[in-house]
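Pasting structure-v2.cif here (mmCIF, C-alpha atoms):
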```
data_entry
loop_
_atom_site.label_atom_id
_atom_site.label_comp_id
_atom_site.auth_asym_id
_atom_site.auth_seq_id
_atom_site.Cartn_x
_atom_site.Cartn_y
_atom_site.Cartn_z
CA MET A 25 6.03 47.60 -12.69
CA ALA A 26 8.06 46.17 -9.80
CA THR A 27 11.33 44.51 -10.85
CA GLU A 28 10.61 41.49 -8.64
CA GLN A 29 7.49 39.73 -7.43
CA HIS A 30 7.87 37.64 -4.28
CA PRO A 31 5.37 35.06 -3.02
CA ALA A 32 3.31 36.00 0.02
CA ILE A 33 4.88 33.14 1.98
CA ARG A 34 8.53 32.97 3.06
CA ASN A 35 9.03 29.21 3.30
CA TRP A 36 7.45 25.87 2.42
CA ASP A 37 6.20 25.08 5.93
CA PHE A 38 2.51 25.83 5.32
CA PRO A 39 -0.51 23.49 5.68
CA ARG A 40 -1.77 21.73 2.58
CA GLY A 41 -4.68 19.77 1.25
CA MET A 42 -4.48 16.05 0.53
CA ALA A 43 -4.41 16.09 -3.29
CA SER A 44 -0.62 16.14 -3.69
CA VAL A 45 -0.07 13.18 -1.35
CA ALA A 46 -2.89 11.26 -3.06
CA LEU A 47 -1.29 11.96 -6.45
CA MET A 48 2.12 10.67 -5.33
CA VAL A 49 0.61 7.59 -3.69
CA GLY A 50 -1.26 6.86 -6.93
CA TYR A 51 1.92 7.27 -8.98
CA ALA A 52 3.87 4.95 -6.67
CA ARG A 53 1.13 2.32 -6.82
CA GLU A 54 1.52 2.18 -10.61
CA TYR A 55 5.13 1.08 -10.07
CA GLY A 56 4.39 -1.52 -7.44
CA VAL A 57 4.83 0.54 -4.26
CA PRO A 58 1.84 -0.03 -1.95
CA ALA A 59 0.14 2.82 -0.11
CA GLU A 60 1.26 1.58 3.30
CA VAL A 61 4.90 2.02 2.23
CA MET A 62 4.22 5.52 0.93
CA LEU A 63 2.39 6.54 4.12
CA ARG A 64 4.94 5.04 6.50
CA GLY A 65 5.97 7.44 9.26
CA THR A 66 2.76 9.48 8.99
CA ALA A 67 -0.64 9.26 10.63
CA LEU A 68 -2.33 9.06 7.22
CA THR A 69 -4.42 6.16 5.94
CA GLU A 70 -5.75 5.33 2.50
CA ARG A 71 -9.16 6.47 3.72
CA THR A 72 -7.74 9.88 4.64
CA LEU A 73 -6.43 10.31 1.10
CA ALA A 74 -9.99 10.43 -0.21
CA ASP A 75 -11.09 13.20 2.20
CA PRO A 76 -11.27 16.48 0.21
CA ASP A 77 -11.47 18.52 3.43
CA ALA A 78 -8.47 16.92 5.13
CA GLN A 79 -5.53 19.20 5.85
CA ILE A 80 -1.98 18.16 6.65
CA ASP A 81 1.17 19.99 7.62
CA ALA A 82 4.01 20.29 5.11
CA ARG A 83 6.24 17.89 7.04
CA THR A 84 3.70 15.11 6.54
CA GLU A 85 3.88 15.60 2.77
CA LEU A 86 7.66 15.72 3.08
CA ALA A 87 7.62 12.31 4.81
CA VAL A 88 5.60 10.89 1.90
CA ILE A 89 8.05 12.45 -0.57
CA ARG A 90 10.99 10.81 1.21
CA ASN A 91 9.20 7.46 1.06
CA LEU A 92 8.66 7.93 -2.68
CA VAL A 93 12.30 8.86 -3.35
CA ARG A 94 13.56 5.92 -1.28
CA ALA A 95 11.26 3.49 -3.07
CA LEU A 96 11.68 4.65 -6.67
CA GLY A 97 14.51 7.19 -6.87
CA THR A 98 17.11 4.68 -8.08
CA GLU A 99 14.76 2.79 -10.38
CA ARG A 100 13.39 5.97 -11.98
CA PRO A 101 16.11 8.66 -12.22
CA ALA A 102 13.68 11.19 -13.77
CA LEU A 103 11.27 10.73 -10.86
CA GLY A 104 10.81 14.45 -10.19
CA VAL A 105 10.09 15.14 -13.85
CA GLU A 106 7.58 12.30 -14.12
CA VAL A 107 5.73 13.22 -10.94
CA GLY A 108 5.73 16.95 -11.73
CA ARG A 109 3.93 16.31 -15.01
CA ARG A 110 1.06 14.70 -13.08
CA TYR A 111 0.14 18.03 -11.46
CA HIS A 112 -2.58 19.37 -13.71
CA ILE A 113 -4.66 22.44 -13.04
CA THR A 114 -7.45 20.22 -11.67
CA THR A 115 -5.12 18.99 -8.90
CA PHE A 116 -5.34 22.34 -7.14
CA GLY A 117 -9.05 22.66 -6.41
CA ILE A 118 -10.41 26.19 -6.09
CA PHE A 119 -6.87 27.57 -6.51
CA GLY A 120 -6.67 25.89 -9.90
CA PHE A 121 -10.18 26.99 -10.87
CA ALA A 122 -9.19 30.59 -10.11
CA CYS A 123 -6.17 30.21 -12.38
CA VAL A 124 -8.31 28.81 -15.20
CA SER A 125 -10.78 31.70 -15.06
CA SER A 126 -8.21 34.50 -14.79
CA PRO A 127 -7.87 36.88 -17.75
CA THR A 128 -4.22 36.27 -18.73
CA LEU A 129 -1.26 34.12 -17.79
CA GLY A 130 0.45 37.17 -16.31
CA GLU A 131 -2.46 37.81 -13.95
CA THR A 132 -2.53 34.12 -13.06
CA ILE A 133 1.13 34.25 -12.03
CA ALA A 134 0.55 37.34 -9.89
CA PHE A 135 -2.43 35.62 -8.24
CA ALA A 136 -0.50 32.39 -7.68
CA LEU A 137 2.33 34.23 -5.92
CA ARG A 138 -0.18 35.95 -3.65
CA TYR A 139 -1.90 32.67 -2.74
CA LEU A 140 0.99 30.23 -3.13
CA GLU A 141 0.11 28.50 0.13
CA LEU A 142 -2.88 27.00 -1.65
CA SER A 143 -0.44 25.08 -3.84
CA PHE A 144 1.82 22.15 -2.92
CA THR A 145 5.17 23.69 -3.76
CA PHE A 146 8.30 23.43 -1.64
CA CYS A 147 10.44 25.57 -3.96
CA LEU A 148 9.48 29.25 -3.94
CA PRO A 149 9.40 31.20 -7.23
CA VAL A 150 10.45 34.84 -7.35
CA THR A 151 9.75 36.52 -10.70
CA ARG A 152 11.66 39.35 -12.33
CA TRP A 153 11.99 41.10 -15.66
CA GLU A 154 15.03 40.93 -17.90
CA PRO A 155 15.32 42.40 -21.41
CA GLU A 156 12.79 40.47 -23.50
CA GLN A 157 12.41 37.78 -20.81
CA PHE A 158 10.21 37.12 -17.81
CA VAL A 159 12.27 35.06 -15.38
CA ALA A 160 11.22 32.88 -12.45
CA ASP A 161 14.02 32.18 -9.98
CA ILE A 162 13.27 28.92 -8.15
CA HIS A 163 14.49 29.15 -4.58
CA ASP A 164 15.33 25.82 -2.96
CA GLU A 165 17.67 26.98 -0.19
CA LEU A 166 15.27 25.91 2.56
CA VAL A 167 14.38 22.55 1.03
CA PRO A 168 16.04 19.54 2.78
CA PRO A 169 19.07 18.38 0.76
CA ASP A 170 17.98 14.72 0.54
CA VAL A 171 14.91 15.60 -1.55
CA ARG A 172 16.03 18.92 -3.02
CA ARG A 173 16.67 17.78 -6.58
CA PHE A 174 13.45 15.78 -6.71
CA LEU A 175 11.44 18.78 -5.50
CA VAL A 176 13.12 21.27 -7.83
CA GLU A 177 12.20 19.08 -10.79
CA ARG A 178 8.76 18.21 -9.46
CA ASP A 179 7.85 21.83 -8.75
CA VAL A 180 9.30 23.30 -11.96
CA LEU A 181 7.61 20.65 -14.12
CA ALA A 182 4.36 21.12 -12.20
CA MET A 183 4.50 24.88 -12.88
CA HIS A 184 5.21 24.19 -16.55
CA GLN A 185 2.35 21.69 -16.77
CA VAL A 186 -0.14 24.03 -15.14
CA MET A 187 0.81 26.92 -17.43
CA SER A 188 0.48 24.59 -20.42
CA ASP A 189 -2.97 23.52 -19.21
CA LEU A 190 -3.99 27.16 -18.90
CA LEU A 191 -2.83 28.06 -22.40
CA GLY A 192 -4.32 24.93 -23.95
CA ARG A 193 -0.97 23.99 -25.51
CA SER A 194 2.50 22.97 -24.41
CA LEU A 195 4.41 26.03 -23.22
CA THR A 196 7.85 26.53 -24.75
CA LEU A 197 10.32 28.14 -22.36
CA LEU A 198 12.95 30.60 -23.54
CA ARG A 199 15.55 29.11 -21.20
CA ALA A 200 15.93 26.89 -18.17
CA GLU A 201 18.86 26.53 -15.78
CA PHE A 202 19.55 24.07 -12.97
CA ASP A 203 22.24 24.08 -10.32
CA TYR A 204 23.06 20.36 -10.49
CA PRO A 205 25.09 18.32 -13.05
CA GLU A 206 23.47 17.31 -16.32
CA PRO A 207 21.40 14.14 -15.80
CA GLU A 208 21.00 11.23 -18.19
CA TYR A 209 17.43 12.33 -18.96
CA ALA A 210 18.36 15.86 -20.11
CA ASP A 211 17.03 15.17 -23.63
CA ARG A 212 13.69 14.12 -22.23
CA LEU A 213 13.49 17.27 -20.13
CA ALA A 214 14.36 19.42 -23.16
CA GLU A 215 11.61 17.77 -25.19
CA ILE A 216 9.02 18.60 -22.53
CA ILE A 217 9.90 22.26 -21.94
CA GLY A 218 10.93 23.07 -25.52
CA VAL A 219 14.47 24.23 -24.80
CA ARG A 220 17.74 22.56 -23.82
CA PRO A 221 18.39 23.34 -20.14
CA ARG A 222 21.79 24.46 -18.90
CA PHE A 223 23.10 22.54 -15.91
CA GLY A 224 25.67 23.31 -13.24
CA GLN A 225 24.46 26.92 -13.07
CA PRO A 226 24.47 29.20 -9.99
CA GLN A 227 20.71 28.80 -9.45
CA ASN A 228 17.53 27.18 -10.73
CA LEU A 229 15.35 29.29 -13.03
CA PHE A 230 13.23 29.33 -16.15
CA ALA A 231 12.26 32.17 -18.48
CA LEU A 232 9.17 32.93 -20.57
CA ASP A 233 8.53 35.15 -23.56
CA PRO A 234 6.78 38.23 -22.07
CA ALA A 235 4.30 38.17 -24.95
CA VAL A 236 2.75 34.96 -23.64
CA LEU A 237 1.84 36.71 -20.38
CA GLU A 238 -0.58 39.01 -22.18
CA GLN A 239 -2.44 36.36 -24.15
CA PRO A 240 -6.07 35.93 -23.04
CA LEU A 241 -6.69 32.53 -21.50
CA PRO A 242 -9.23 30.32 -23.31
CA GLN A 243 -11.53 29.90 -20.27
CA ALA A 244 -11.24 33.38 -18.78
CA ASN A 245 -14.40 34.54 -17.04
CA GLU A 246 -14.52 37.78 -15.09
CA TYR A 247 -17.38 36.77 -12.78
CA THR A 248 -15.92 33.34 -11.98
CA TRP A 249 -12.49 34.91 -11.47
CA ALA A 250 -13.88 37.32 -8.87
CA MET A 251 -15.81 34.55 -7.10
CA CYS A 252 -12.75 32.28 -6.98
CA LEU A 253 -10.54 35.06 -5.68
CA ALA A 254 -12.93 35.62 -2.77
CA GLN A 255 -13.03 31.90 -1.98
CA CYS A 256 -9.23 31.61 -2.11
CA ARG A 257 -8.87 34.60 0.19
CA ASP A 258 -11.28 33.08 2.71
CA LEU A 259 -9.56 29.69 2.53
CA VAL A 260 -6.16 31.26 3.21
CA HIS A 261 -7.55 33.15 6.18
CA ARG A 262 -9.09 30.00 7.63
CA ARG A 263 -5.89 28.01 7.20
CA ARG A 264 -3.74 30.69 8.76
CA ALA A 265 -6.10 31.04 11.68
CA ARG A 266 -5.89 27.33 12.48
CA THR A 267 -2.15 26.82 12.41
CA GLY A 268 1.13 27.88 13.98
CA ILE A 269 1.94 31.32 15.34
CA ALA A 270 -1.10 32.83 13.60
CA ALA A 271 -3.39 30.49 15.54
CA GLU A 272 -1.66 31.39 18.81
CA VAL A 273 -2.11 35.11 18.19
CA ARG A 274 -5.70 34.69 17.06
CA GLU A 275 -6.50 32.66 20.18
CA ARG A 276 -5.33 35.57 22.32
CA LEU A 277 -7.49 38.01 20.38
CA VAL A 278 -10.72 36.01 20.75
CA PRO A 279 -12.62 36.83 23.98
CA ARG A 280 -12.62 34.11 26.61
CA GLY A 281 -16.26 34.64 27.53
CA GLY A 282 -17.68 35.08 24.05
CA VAL A 283 -18.97 38.37 22.69
CA ASP A 284 -20.56 39.37 26.01
CA GLY A 285 -17.17 39.50 27.67
CA TYR A 286 -15.33 41.28 24.89
CA ALA A 287 -14.17 44.79 25.74
CA ALA A 288 -11.12 45.55 23.63
CA PRO A 289 -8.47 43.50 21.85
CA LEU A 290 -5.01 42.97 23.24
CA GLY A 291 -2.39 45.15 21.61
CA ILE A 292 0.52 43.52 19.82
CA ASP A 293 2.88 44.27 22.72
CA ALA A 294 0.60 42.44 25.16
CA VAL A 295 0.21 39.48 22.80
CA ALA A 296 3.99 39.27 22.39
CA ARG A 297 4.51 39.30 26.17
CA ASP A 298 1.92 36.55 26.56
CA LEU A 299 3.85 34.48 24.01
CA ASN A 300 7.16 35.17 25.80
CA MET A 301 8.77 36.98 22.89
CA SER A 302 9.55 40.52 21.85
CA THR A 303 7.18 42.50 19.64
CA ARG A 304 9.82 42.57 16.92
CA THR A 305 10.18 38.78 17.01
CA LEU A 306 6.42 38.32 16.86
CA ARG A 307 6.19 40.61 13.84
CA ARG A 308 8.98 38.64 12.15
CA HIS A 309 7.29 35.28 12.82
CA LEU A 310 3.96 36.52 11.46
CA ASP A 311 5.64 38.00 8.41
CA ALA A 312 7.30 34.63 7.74
CA VAL A 313 3.89 32.95 7.43
CA GLY A 314 2.49 35.73 5.27
CA THR A 315 0.28 37.53 7.77
CA SER A 316 0.43 40.27 10.41
CA TYR A 317 -1.04 41.25 13.76
CA ARG A 318 -3.30 43.78 11.98
CA ALA A 319 -4.59 41.16 9.51
CA LEU A 320 -5.36 38.70 12.33
CA LEU A 321 -7.04 41.40 14.39
CA ASP A 322 -9.20 42.27 11.40
CA GLU A 323 -10.18 38.59 10.99
CA VAL A 324 -11.20 38.31 14.64
CA ARG A 325 -13.04 41.61 14.63
CA ARG A 326 -14.91 40.73 11.46
CA THR A 327 -16.01 37.33 12.83
CA LEU A 328 -17.14 38.83 16.12
CA ALA A 329 -18.85 41.77 14.43
CA GLU A 330 -20.87 39.46 12.19
CA GLU A 331 -21.83 37.34 15.20
CA MET A 332 -22.91 40.33 17.27
CA LEU A 333 -24.87 41.89 14.42
CA THR A 334 -26.83 38.70 13.76
CA ALA A 335 -27.14 37.14 17.23
CA THR A 336 -27.53 40.11 19.60
CA PRO A 337 -29.66 43.27 19.79
CA LEU A 338 -26.56 45.45 20.32
CA SER A 339 -26.54 48.72 18.44
CA VAL A 340 -23.82 49.40 15.88
CA SER A 341 -22.21 51.81 18.37
CA ASP A 342 -22.20 49.15 21.09
CA VAL A 343 -20.65 46.62 18.71
CA ALA A 344 -17.96 49.14 17.83
CA ILE A 345 -17.16 49.74 21.51
CA ARG A 346 -16.95 46.01 22.27
CA LEU A 347 -14.54 45.56 19.38
CA GLY A 348 -12.28 48.27 20.75
CA TYR A 349 -13.11 51.10 18.35
CA ALA A 350 -13.14 54.61 19.80
CA GLU A 351 -15.79 55.74 17.30
CA ALA A 352 -18.61 53.98 15.49
CA SER A 353 -17.63 55.65 12.22
CA THR A 354 -14.23 53.94 12.29
CA PHE A 355 -15.90 50.56 12.81
CA ILE A 356 -18.41 51.21 10.02
CA TYR A 357 -15.58 52.07 7.63
CA ALA A 358 -13.67 48.91 8.59
CA PHE A 359 -16.75 46.69 8.30
CA LYS A 360 -17.49 48.04 4.83
CA ARG A 361 -13.91 47.31 3.83
CA TRP A 362 -14.26 43.71 5.07
CA THR A 363 -17.69 42.92 3.63
CA GLY A 364 -18.55 45.55 1.05
CA THR A 365 -21.59 46.70 3.03
CA THR A 366 -22.40 48.64 6.20
CA PRO A 367 -23.15 46.96 9.55
CA ALA A 368 -26.76 48.14 9.40
CA SER A 369 -27.27 46.75 5.89
CA TYR A 370 -25.57 43.50 6.87
CA ARG A 371 -27.94 43.10 9.84
CA ARG A 372 -31.03 43.86 7.74
CA GLU A 373 -30.02 41.26 5.14
CA ARG A 374 -29.47 38.58 7.78
CA VAL A 375 -32.73 39.35 9.55
CA ARG A 376 -34.56 39.16 6.24
CA LYS A 377 -33.13 35.68 5.65
#
```
Please go through the file and, once you have read it, give me the structure as structure tokens.
Amino acid sequence: MATEQHPAIRNWDFPRGMASVALMVGYAREYGVPAEVMLRGTALTERTLADPDAQIDARTELAVIRNLVRALGTERPALGVEVGRRYHITTFGIFGFACVSSPTLGETIAFALRYLELSFTFCLPVTRWEPEQFVADIHDELVPPDVRRFLVERDVLAMHQVMSDLLGRSLTLLRAEFDYPEPEYADRLAEIIGVRPRFGQPQNLFALDPAVLEQPLPQANEYTWAMCLAQCRDLVHRRRARTGIAAEVRERLVPRGGVDGYAAPLGIDAVARDLNMSTRTLRRHLDAVGTSYRALLDEVRRTLAEEMLTATPLSVSDVAIRLGYAEASTFIYAFKRWTGTTPASYRRERVRK
């Protein structure tokens, strides 16, 4: 087993759904802060909050967080703790449903790290093993200082709440450490997590008993787990394709004239030149958002292949050539890896429908 498990993303600047903002606006409303104050400085409206398909960038959520801290941070010193406990497994949509149906807590954690961009976290957990402890280091180095403490507490308490939801009981931590001075609400925090935290430590972390990772989850379901994994994978691909450097690369891989004009994809060197950067820099930028040129090329090729197989009379060999494959067999192998079936079988199924 690897000594450390890192999340697939490298920073918090990934697009998010609306549920986290809606949750914080609802919390603030309970304490007399109207929605218009919470949404100040953003393009969001109360109507947008109710849209389950709406997607925002991380900086929009960060603006809402700053509004919340300004409005209630002095009045409610344990703000991060209180808000973090509002994040139940149901807050996370299909990501949360996948967690619920996974076999064990350990497999849930591995899944969550792989698809962390479907969460709302700003602090990134990196897990590691110590003797008789499973430790999650909570990295906040990239979080803006003015909201860092709030987000450390919000994200750690949200992780604790979700794990408790999954187990069907309150999870007791083996230890917890924070890098800021002991607050006045330390007793309250200890009561929630089951252990007295240590403050003024070198970094933020919490530790679990490894035995709890192996316990079967009450609602585990192998079929649902597999279905949710596939949906989460597709959702991540769609989000990455629509935003940032990934969207710019993908745009350059899609043919300008549709499938009829597609001959072969641009290589990574050509894409980098078109973006006015070196190949090495492009690779680094893509790695930072948890993807790669090869992964994006596969996404584009798969989409185009499915379109050509269902909407044109092109043979499998012709499709392979238009996608830039030297041999049909290589394309067939790739298509089966993407979809679990051959191009010919895929076409027959679609025609039959």
Long-range neighbours of Gly130 (chain A) as a PyMOL selection string, 10 Å cut-off, all atoms listed in the file, 5 positions minimum in chain:
chain A and resi 135-136+158+234-241
Would you save the residues from that selection as an mmCIF file, in the coordinates of the input, using C-alpha atoms?
```cif
data_model
loop_
_atom_site.group_PDB
_atom_site.id
_atom_site.type_symbol
_atom_site.label_atom_id
_atom_site.label_comp_id
_atom_site.auth_asym_id
_atom_site.auth_seq_id
_atom_site.Cartn_x
_atom_site.Cartn_y
_atom_site.Cartn_z
ATOM 1 C CA PHE A 135 -2.430 35.620 -8.240
ATOM 2 C CA ALA A 136 -0.500 32.390 -7.680
ATOM 3 C CA PHE A 158 10.210 37.120 -17.810
ATOM 4 C CA PRO A 234 6.780 38.230 -22.070
ATOM 5 C CA ALA A 235 4.300 38.170 -24.950
ATOM 6 C CA VAL A 236 2.750 34.960 -23.640
ATOM 7 C CA LEU A 237 1.840 36.710 -20.380
ATOM 8 C CA GLU A 238 -0.580 39.010 -22.180
ATOM 9 C CA GLN A 239 -2.440 36.360 -24.150
ATOM 10 C CA PRO A 240 -6.070 35.930 -23.040
ATOM 11 C CA LEU A 241 -6.690 32.530 -21.500
#
```
Between region 89-160 of chain A and region 47-70 of chain A, at 10 Å or less, what are the per-residue closest atom pairs and their distances in Å? Count all atoms listed in the file, order by chain and rising residue number, and return it as JSON lines.
```
{"residue": "A:Ile89", "atom": "CA", "partner": "A:Met48", "partner_atom": "CA", "distance": 7.8}
{"residue": "A:Arg90", "atom": "CA", "partner": "A:Met62", "partner_atom": "CA", "distance": 8.6}
{"residue": "A:Asn91", "atom": "CA", "partner": "A:Met62", "partner_atom": "CA", "distance": 5.3}
{"residue": "A:Leu92", "atom": "CA", "partner": "A:Met62", "partner_atom": "CA", "distance": 6.2}
{"residue": "A:Val93", "atom": "CA", "partner": "A:Met62", "partner_atom": "CA", "distance": 9.7}
{"residue": "A:Arg94", "atom": "CA", "partner": "A:Met62", "partner_atom": "CA", "distance": 9.6}
{"residue": "A:Ala95", "atom": "CA", "partner": "A:Val57", "partner_atom": "CA", "distance": 7.2}
{"residue": "A:Leu96", "atom": "CA", "partner": "A:Ala52", "partner_atom": "CA", "distance": 7.8}
{"residue": "A:Glu99", "atom": "CA", "partner": "A:Tyr55", "partner_atom": "CA", "distance": 9.8}
{"residue": "A:Arg100", "atom": "CA", "partner": "A:Tyr55", "partner_atom": "CA", "distance": 9.8}
{"residue": "A:Glu106", "atom": "CA", "partner": "A:Tyr51", "partner_atom": "CA", "distance": 9.2}
{"residue": "A:Val107", "atom": "CA", "partner": "A:Met48", "partner_atom": "CA", "distance": 7.1}
{"residue": "A:Gly108", "atom": "CA", "partner": "A:Met48", "partner_atom": "CA", "distance": 9.7}
{"residue": "A:Arg110", "atom": "CA", "partner": "A:Leu47", "partner_atom": "CA", "distance": 7.5}
{"residue": "A:Tyr111", "atom": "CA", "partner": "A:Leu47", "partner_atom": "CA", "distance": 8.0}
{"residue": "A:Thr115", "atom": "CA", "partner": "A:Leu47", "partner_atom": "CA", "distance": 8.4}
```
Around (-2.3, 32.9, -2.7), as given in the file, which residues come within 12 Å? Count all atoms listed in the file and list them as a ChimeraX atom specification.
/A:30-33,38,116,118-120,122-123,132-145,252-261,263-264,313-315
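If you look at CA of Ala312 (chain A) and CA of Arg34 (chain A), they are 5.1 Å away from each other.
Across A:Asp342, A:Asp211, A:Asp322, A:Asp179, the tightest approach to Pro367 (chain A) is made by A:Asp342 when counting all atoms listed in the file.
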Separation of CA of Leu103 (chain A) from CA of Ser194 (chain A) in Å
20.3 Å
Neighbours of Asp81 (chain A) within 10 Å (all atoms listed in the file; same-chain residues fewer than 4 positions away dropped), as a ChimeraX atom specification?
/A:37-42,85-86,267
Writer output for current selection, C-alpha atoms, as an mmCIF file, in the frame of the given file:
```
data_model
loop_
_atom_site.group_PDB
_atom_site.id
_atom_site.type_symbol
_atom_site.label_atom_id
_atom_site.label_comp_id
_atom_site.auth_asym_id
_atom_site.auth_seq_id
_atom_site.Cartn_x
_atom_site.Cartn_y
_atom_site.Cartn_z
ATOM 1 C CA ASP A 37 6.200 25.080 5.930
ATOM 2 C CA PHE A 38 2.510 25.830 5.320
ATOM 3 C CA PRO A 39 -0.510 23.490 5.680
ATOM 4 C CA ARG A 40 -1.770 21.730 2.580
ATOM 5 C CA GLY A 41 -4.680 19.770 1.250
ATOM 6 C CA MET A 42 -4.480 16.050 0.530
ATOM 7 C CA GLU A 85 3.880 15.600 2.770
ATOM 8 C CA LEU A 86 7.660 15.720 3.080
ATOM 9 C CA THR A 267 -2.150 26.820 12.410
#
```
Expected selection from the PyMOL selection byres ((chain A and resi 270) around 12), given as a ChimeraX atom specification:
/A:38,260-269,271-277,295,299,306-321,323-324
For Val343 (chain A), please output as an mmCIF file with C-alpha atoms, in the coordinates of the input all residues within 9 Å (counting only C-alpha atoms; exclusion window: fewer than 6 positions along the same chain).
```cif
data_model
loop_
_atom_site.group_PDB
_atom_site.id
_atom_site.type_symbol
_atom_site.label_atom_id
_atom_site.label_comp_id
_atom_site.auth_asym_id
_atom_site.auth_seq_id
_atom_site.Cartn_x
_atom_site.Cartn_y
_atom_site.Cartn_z
ATOM 1 C CA LEU A 328 -17.140 38.830 16.120
ATOM 2 C CA ALA A 329 -18.850 41.770 14.430
ATOM 3 C CA MET A 332 -22.910 40.330 17.270
ATOM 4 C CA LEU A 333 -24.870 41.890 14.420
ATOM 5 C CA TYR A 349 -13.110 51.100 18.350
ATOM 6 C CA ALA A 352 -18.610 53.980 15.490
ATOM 7 C CA PHE A 355 -15.900 50.560 12.810
#
```
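Run against this file, the PyMOL selection byres ((chain A and resi 245) around 9) gives back A:Val124, A:Ser125, A:Ser126, A:Pro127, A:Gln243, A:Ala244, A:Glu246, A:Tyr247, A:Thr248, A:Trp249, A:Ala250.
Counting only C-alpha atoms and comparing A:Leu175, A:Asp164, A:Thr327, A:Leu290, the residue that lies closest to Thr363 (chain A) is A:Thr327.
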Tell me which protein, DNA and RNA residues are within 12 Å of Ala200 (chain A), counting only C-alpha atoms, leaving out same-chain ones fewer than 2 positions away, and put them as a ChimeraX atom specification.
/A:157-162,177,180-181,184,196-198,202-203,210,213-214,216-225,227-232
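Between CA of Thr336 (chain A) and CA of Arg374 (chain A) the interatomic distance comes to 12.1 Å.
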Residue among A:Val176, A:Glu156, A:Gly364, A:Val171 lying closest to Arg199 (chain A), counting all atoms listed in the file
A:Glu156
Listed atoms of region 349-352 of chain A boxed axis-aligned with 6 Å per side, centre + edges as lines of an AutoDock Vina configuration file:
```
center_x = -15.9
center_y = 53.4
center_z = 17.6
size_x = 17.5
size_y = 16.6
size_z = 16.3
```
Completed region 33-44 of chain A (N, CA, C and O atoms) as a tab-separated table (two decimals), keeping the file's coordinate frame:
```tsv
chain	number	residue	atom	x	y	z
A	33	ILE	N	4.29	33.97	0.94
A	33	ILE	CA	4.88	33.14	1.98
A	33	ILE	C	6.40	33.19	1.88
A	33	ILE	O	6.96	33.50	0.84
A	34	ARG	N	7.07	32.88	3.01
A	34	ARG	CA	8.53	32.97	3.06
A	34	ARG	C	9.21	31.61	3.08
A	34	ARG	O	10.41	31.52	2.93
A	35	ASN	N	8.45	30.56	3.31
A	35	ASN	CA	9.03	29.21	3.30
A	35	ASN	C	7.95	28.20	2.95
A	35	ASN	O	6.79	28.56	2.75
A	36	TRP	N	8.37	26.93	2.87
A	36	TRP	CA	7.45	25.87	2.42
A	36	TRP	C	6.61	25.28	3.55
A	36	TRP	O	5.77	24.43	3.30
A	37	ASP	N	6.83	25.72	4.78
A	37	ASP	CA	6.20	25.08	5.93
A	37	ASP	C	4.78	25.63	6.17
A	37	ASP	O	4.51	26.26	7.18
A	38	PHE	N	3.90	25.39	5.20
A	38	PHE	CA	2.51	25.83	5.32
A	38	PHE	C	1.59	24.62	5.17
A	38	PHE	O	1.96	23.63	4.53
A	39	PRO	N	0.40	24.64	5.78
A	39	PRO	CA	-0.51	23.49	5.68
A	39	PRO	C	-1.03	23.32	4.26
A	39	PRO	O	-1.14	24.28	3.50
A	40	ARG	N	-1.36	22.07	3.94
A	40	ARG	CA	-1.77	21.73	2.58
A	40	ARG	C	-2.99	20.81	2.58
A	40	ARG	O	-3.26	20.15	3.58
A	41	GLY	N	-3.64	20.76	1.44
A	41	GLY	CA	-4.68	19.77	1.25
A	41	GLY	C	-4.06	18.41	0.96
A	41	GLY	O	-2.84	18.24	0.94
A	42	MET	N	-4.91	17.44	0.67
A	42	MET	CA	-4.48	16.05	0.53
A	42	MET	C	-4.15	15.65	-0.91
A	42	MET	O	-3.57	14.60	-1.16
A	43	ALA	N	-4.48	16.51	-1.89
A	43	ALA	CA	-4.41	16.09	-3.29
A	43	ALA	C	-3.01	15.71	-3.73
A	43	ALA	O	-2.82	14.76	-4.50
A	44	SER	N	-1.99	16.42	-3.26
A	44	SER	CA	-0.62	16.14	-3.69
A	44	SER	C	-0.16	14.78	-3.18
A	44	SER	O	0.44	13.99	-3.92
```
